[in-house]
Amino acid sequence: MKLSARIAATAAALVLAGLTATACAPQTSDTGAKGDEKTGTLRVWLFQEVGNKPKEKVVDAAVADFGKTHKGTKVEIEYIPVETRAQRVKAAFNDPKSAPDLIEYGNTDTAGYVKDGGLADVSAEFGAWADAKDTDPTAKQSVTVDGRIYGAPLFVGVRALYYRTDIFADLGIAAPKSQAELISTAKKIHREKPGLYGLAVGGAYTYGAMPFIWANGGELADAGGGSYRAAINSEKARKGIAAYTSLFGDDNCPAAKCAAMGGNATVTAFASGKAAMAIGGDFSHAAVEAGTVKGKYAVVPLPGVAANSVAPAFAGGNNIGVLKSSGHRTLAVDLMKSLTGKRTQAKMFDAMGFLPTYTDVRAAAAKREPFVEPFVRTLGAGAKFVPASPAWGQIDSSLTLPTMFQEIVSGRKNVADASDDAAKKMDAAFADVG
């Protein structure tokens with residue numbers, strides 16, 4: 001899930017290309033709506049951003065447009081903290097009378113929310129919507145479970161390689177074009193300039209590590225038989241794990257300092273001038289611009305194993321969905337379209353820097369803002385998504401993958417043993433929801 005500067009947050013193609021989520025069949029729910037009122041008040045929960053005013057302005061404009069064609073309706077927007085979303089959304093699913101009609105949610109939450117019976121299936125409406133035909137396939141996949149659509153993508157986010165142009169010029173080196181060159185370049189920089197991390201990496205930076213696994217042909221999990229089975233301990237995945245963890249040590253980013261770092265910490269290290277390279281998102285641009293490296297950096301796609309290839313990136317992002325319990329389904333779907341349509345996404349990019357999920361709108365944004373280009377190129381090369389299973393939330397929150405990386409970089413376990421242990425934990429989680 002990518003939640004603006006949070007993705008971290010916290011947004012996509014399946015781990016197995018071409019497959020939709022098959023996890024376990026969504027649970028049935030007795031919280032379904034009993035009617036479809038065509039007037040009244042619509043309640044919407046959206047995420048509170050660090051700087052929320054620009055977002056509010058765009059949302060207010062979308063609501064005003066909706067109001068012009070939906071007389072007799074009122075829209076109440078509430079901005080909720082992302083940190084408490086899990087509790088609030090769960091409570092809303094269990095108490096339809098107090099639940100909103102629409103919610104913003106992270107794309108890694110989709111499968112879990114569907115299993116809980118909370119989101120309405122809007123496949124028919126999405127399929128008939130003119131804007132939807134230009135939706136990026138990776139973004140569309142993020143609202144897809146078992147071949148059905150449960151919302152509309154709001155924005156997408158990916159990561160690429162930020163690097164210091166002044167440092168590279170001083171050392172007479174160019175941006176790396178392969179994964180091996182990335183690793184050797186990082187170590188060369190640290191050797192020549194010991195005060196800098198060559199490439200800032202984090203043992204808790206799951207989404208920064210995933211491209212190394214995918215670039216080596218590995219997967220997080222394989223789908224089949226109506227569920228998933230961990231693949232993190234396959235030979236190809238282990239090659240990617242070994243490549244990523246090789247960047248921890250006194251020759252680049254000391255484990256004592258870097259093992260506990262997450263994505264925000266690695267970007268902060270770069271923005272503050274402590275690292276020559278970092279894997280950051282399009283959503284990291286503002287933070288880097290506000291740092292000491294402003295005017296002294298550039299961005300390129302994170303390289304893959306083959307020269308001049310692009311490593312698959314995690315496609316994060318947020319969606320907006322209609323709750324199954326909404327008594328205003330038709331109105332709620334129309335409002336969902338207004339909040340996520342092309343016009344709104346173009347404005348949201350200008351206001352917040354969120355990448356549009358429509359290919360044509362995103363291309364236009366890239367022309368207006370050159371910094372977007374490497375991220376658009378990364379998406380075009382083929383982004384990936386986490387297993388579309390409700391188990392992913394448990395796997396993520398229990399820090400299964402960060403624990404694996406940290407065990408390796410600390411020397412407590414080798415790659416084979418640590419990945420085997422992680423696979424066991426993942427399989428237990430998949431079995432719990434199966």
# chains A, B, ... in the order shown; residues from 1 in each chain; ligands from 1
call {"tool": "residues_around", "arguments": {"residues": "range 370-378 of chain A", "least_positions_apart": "5", "cutoff": "8 Å", "atoms": "only C-alpha atoms", "output": "list of chain:residue names"}}
result
A:Val158, A:Arg159, A:Ala160, A:Gly281, A:Asp282, A:Val299, A:Val300, A:Pro301, A:Leu302, A:Val310, A:Ala311, A:Pro312, A:Ala313, A:Arg362, A:Ala363, A:Ala365, A:Ala383
call {"tool": "closest_atom_pairs", "arguments": {"of": "range 257-324 of chain A", "to": "range 121-124 of chain A", "cutoff": "9 Å", "atoms": "only C-alpha atoms", "output": "JSON lines"}}
result
{"residue": "A:Gly321", "atom": "CA", "partner": "A:Val122", "partner_atom": "CA", "distance": 8.6}
{"residue": "A:Val322", "atom": "CA", "partner": "A:Val122", "partner_atom": "CA", "distance": 8.0}
{"residue": "A:Lys324", "atom": "CA", "partner": "A:Asp121", "partner_atom": "CA", "distance": 7.7}
call {"tool": "write_last_selection", "arguments": {"atoms": "N, CA and C atoms", "output": "PDB file, in the first residue's frame"}}
result
ATOM      1  N   GLY A 321     -13.580   2.949  -2.545  1.00  0.00           N
ATOM      2  CA  GLY A 321     -14.596   1.929  -2.752  1.00  0.00           C
ATOM      3  C   GLY A 321     -15.902   2.272  -2.073  1.00  0.00           C
ATOM      4  N   VAL A 322     -16.963   1.650  -2.565  1.00  0.00           N
ATOM      5  CA  VAL A 322     -18.305   1.801  -1.997  1.00  0.00           C
ATOM      6  C   VAL A 322     -18.520   0.673  -0.996  1.00  0.00           C
ATOM      7  N   LYS A 324     -20.473  -2.112   1.019  1.00  0.00           N
ATOM      8  CA  LYS A 324     -21.577  -3.017   0.702  1.00  0.00           C
ATOM      9  C   LYS A 324     -22.832  -2.627   1.460  1.00  0.00           C
TER      10      LYS A 324
END
call {"tool": "atom_distance", "arguments": {"atom1": "CA of Gly67 in chain A", "atom2": "CA of Trp129 in chain A"}}
result
18.8 Å
call {"tool": "residues_around", "arguments": {"residues": "range 337-352 of chain A", "least_positions_apart": "4", "cutoff": "6 Å", "atoms": "only C-alpha atoms", "output": "ChimeraX atom specification"}}
result
/A:54,62,154,356
call {"tool": "select_by_dssp", "arguments": {"residues": "range 16-251 of chain A", "states": "helix (DSSP H, G or I)", "output": "number ranges by chain"}}
result
A: 53-68, 82-94, 96-98, 107-115, 123-128, 131-134, 137-141, 165-171, 179-192, 206-215, 235-245
call {"tool": "closest_residue", "arguments": {"among": "A:Ala169, A:Ala287, A:Ser309, A:Tyr205", "to": "Val50 in chain A", "atoms": "only C-alpha atoms"}}
result
A:Ala287
call {"tool": "closest_residue", "arguments": {"among": "A:Ala416, A:Leu196, A:Met277, A:Met404", "to": "Thr165 in chain A", "atoms": "only C-alpha atoms"}}
result
A:Met277
call {"tool": "residues_around", "arguments": {"residues": "Ile173 in chain A", "least_positions_apart": "4", "cutoff": "10 Å", "atoms": "only C-alpha atoms", "output": "PDB file with N, CA, C and O atoms, in the first residue's frame"}}
result
ATOM      1  N   THR A 165      24.079  13.719  -8.436  1.00  0.00           N
ATOM      2  CA  THR A 165      24.800  14.055  -9.664  1.00  0.00           C
ATOM      3  C   THR A 165      26.169  14.661  -9.375  1.00  0.00           C
ATOM      4  O   THR A 165      27.131  14.428 -10.120  1.00  0.00           O
ATOM      5  N   ILE A 167      28.177  14.032  -6.751  1.00  0.00           N
ATOM      6  CA  ILE A 167      29.087  12.974  -6.305  1.00  0.00           C
ATOM      7  C   ILE A 167      29.529  12.114  -7.487  1.00  0.00           C
ATOM      8  O   ILE A 167      30.714  11.773  -7.631  1.00  0.00           O
ATOM      9  N   PHE A 168      28.576  11.774  -8.339  1.00  0.00           N
ATOM     10  CA  PHE A 168      28.896  10.943  -9.500  1.00  0.00           C
ATOM     11  C   PHE A 168      29.864  11.670 -10.441  1.00  0.00           C
ATOM     12  O   PHE A 168      30.784  11.066 -10.989  1.00  0.00           O
ATOM     13  N   ALA A 169      29.638  12.975 -10.617  1.00  0.00           N
ATOM     14  CA  ALA A 169      30.535  13.752 -11.479  1.00  0.00           C
ATOM     15  C   ALA A 169      31.931  13.828 -10.871  1.00  0.00           C
ATOM     16  O   ALA A 169      32.946  13.704 -11.577  1.00  0.00           O
ATOM     17  N   THR A 185      28.843   0.050  -7.681  1.00  0.00           N
ATOM     18  CA  THR A 185      28.920   1.512  -7.627  1.00  0.00           C
ATOM     19  C   THR A 185      28.722   2.004  -6.199  1.00  0.00           C
ATOM     20  O   THR A 185      29.431   2.910  -5.738  1.00  0.00           O
ATOM     21  N   LYS A 188      31.883   1.353  -4.326  1.00  0.00           N
ATOM     22  CA  LYS A 188      32.965   2.232  -4.793  1.00  0.00           C
ATOM     23  C   LYS A 188      32.817   3.623  -4.159  1.00  0.00           C
ATOM     24  O   LYS A 188      33.801   4.212  -3.695  1.00  0.00           O
ATOM     25  N   ILE A 189      31.584   4.133  -4.158  1.00  0.00           N
ATOM     26  CA  ILE A 189      31.349   5.460  -3.585  1.00  0.00           C
ATOM     27  C   ILE A 189      31.720   5.475  -2.108  1.00  0.00           C
ATOM     28  O   ILE A 189      32.400   6.395  -1.625  1.00  0.00           O
TER      29      ILE A 189
END
call {"tool": "closest_residue", "arguments": {"among": "A:Ala111, A:Ala139, A:Val59, A:Met336", "to": "Pro390 in chain A", "atoms": "only C-alpha atoms"}}
result
A:Ala111
call {"tool": "closest_residue", "arguments": {"among": "A:Ser284, A:Ser98, A:Thr39, A:Ser397", "to": "Phe354 in chain A", "atoms": "only C-alpha atoms"}}
result
A:Ser284
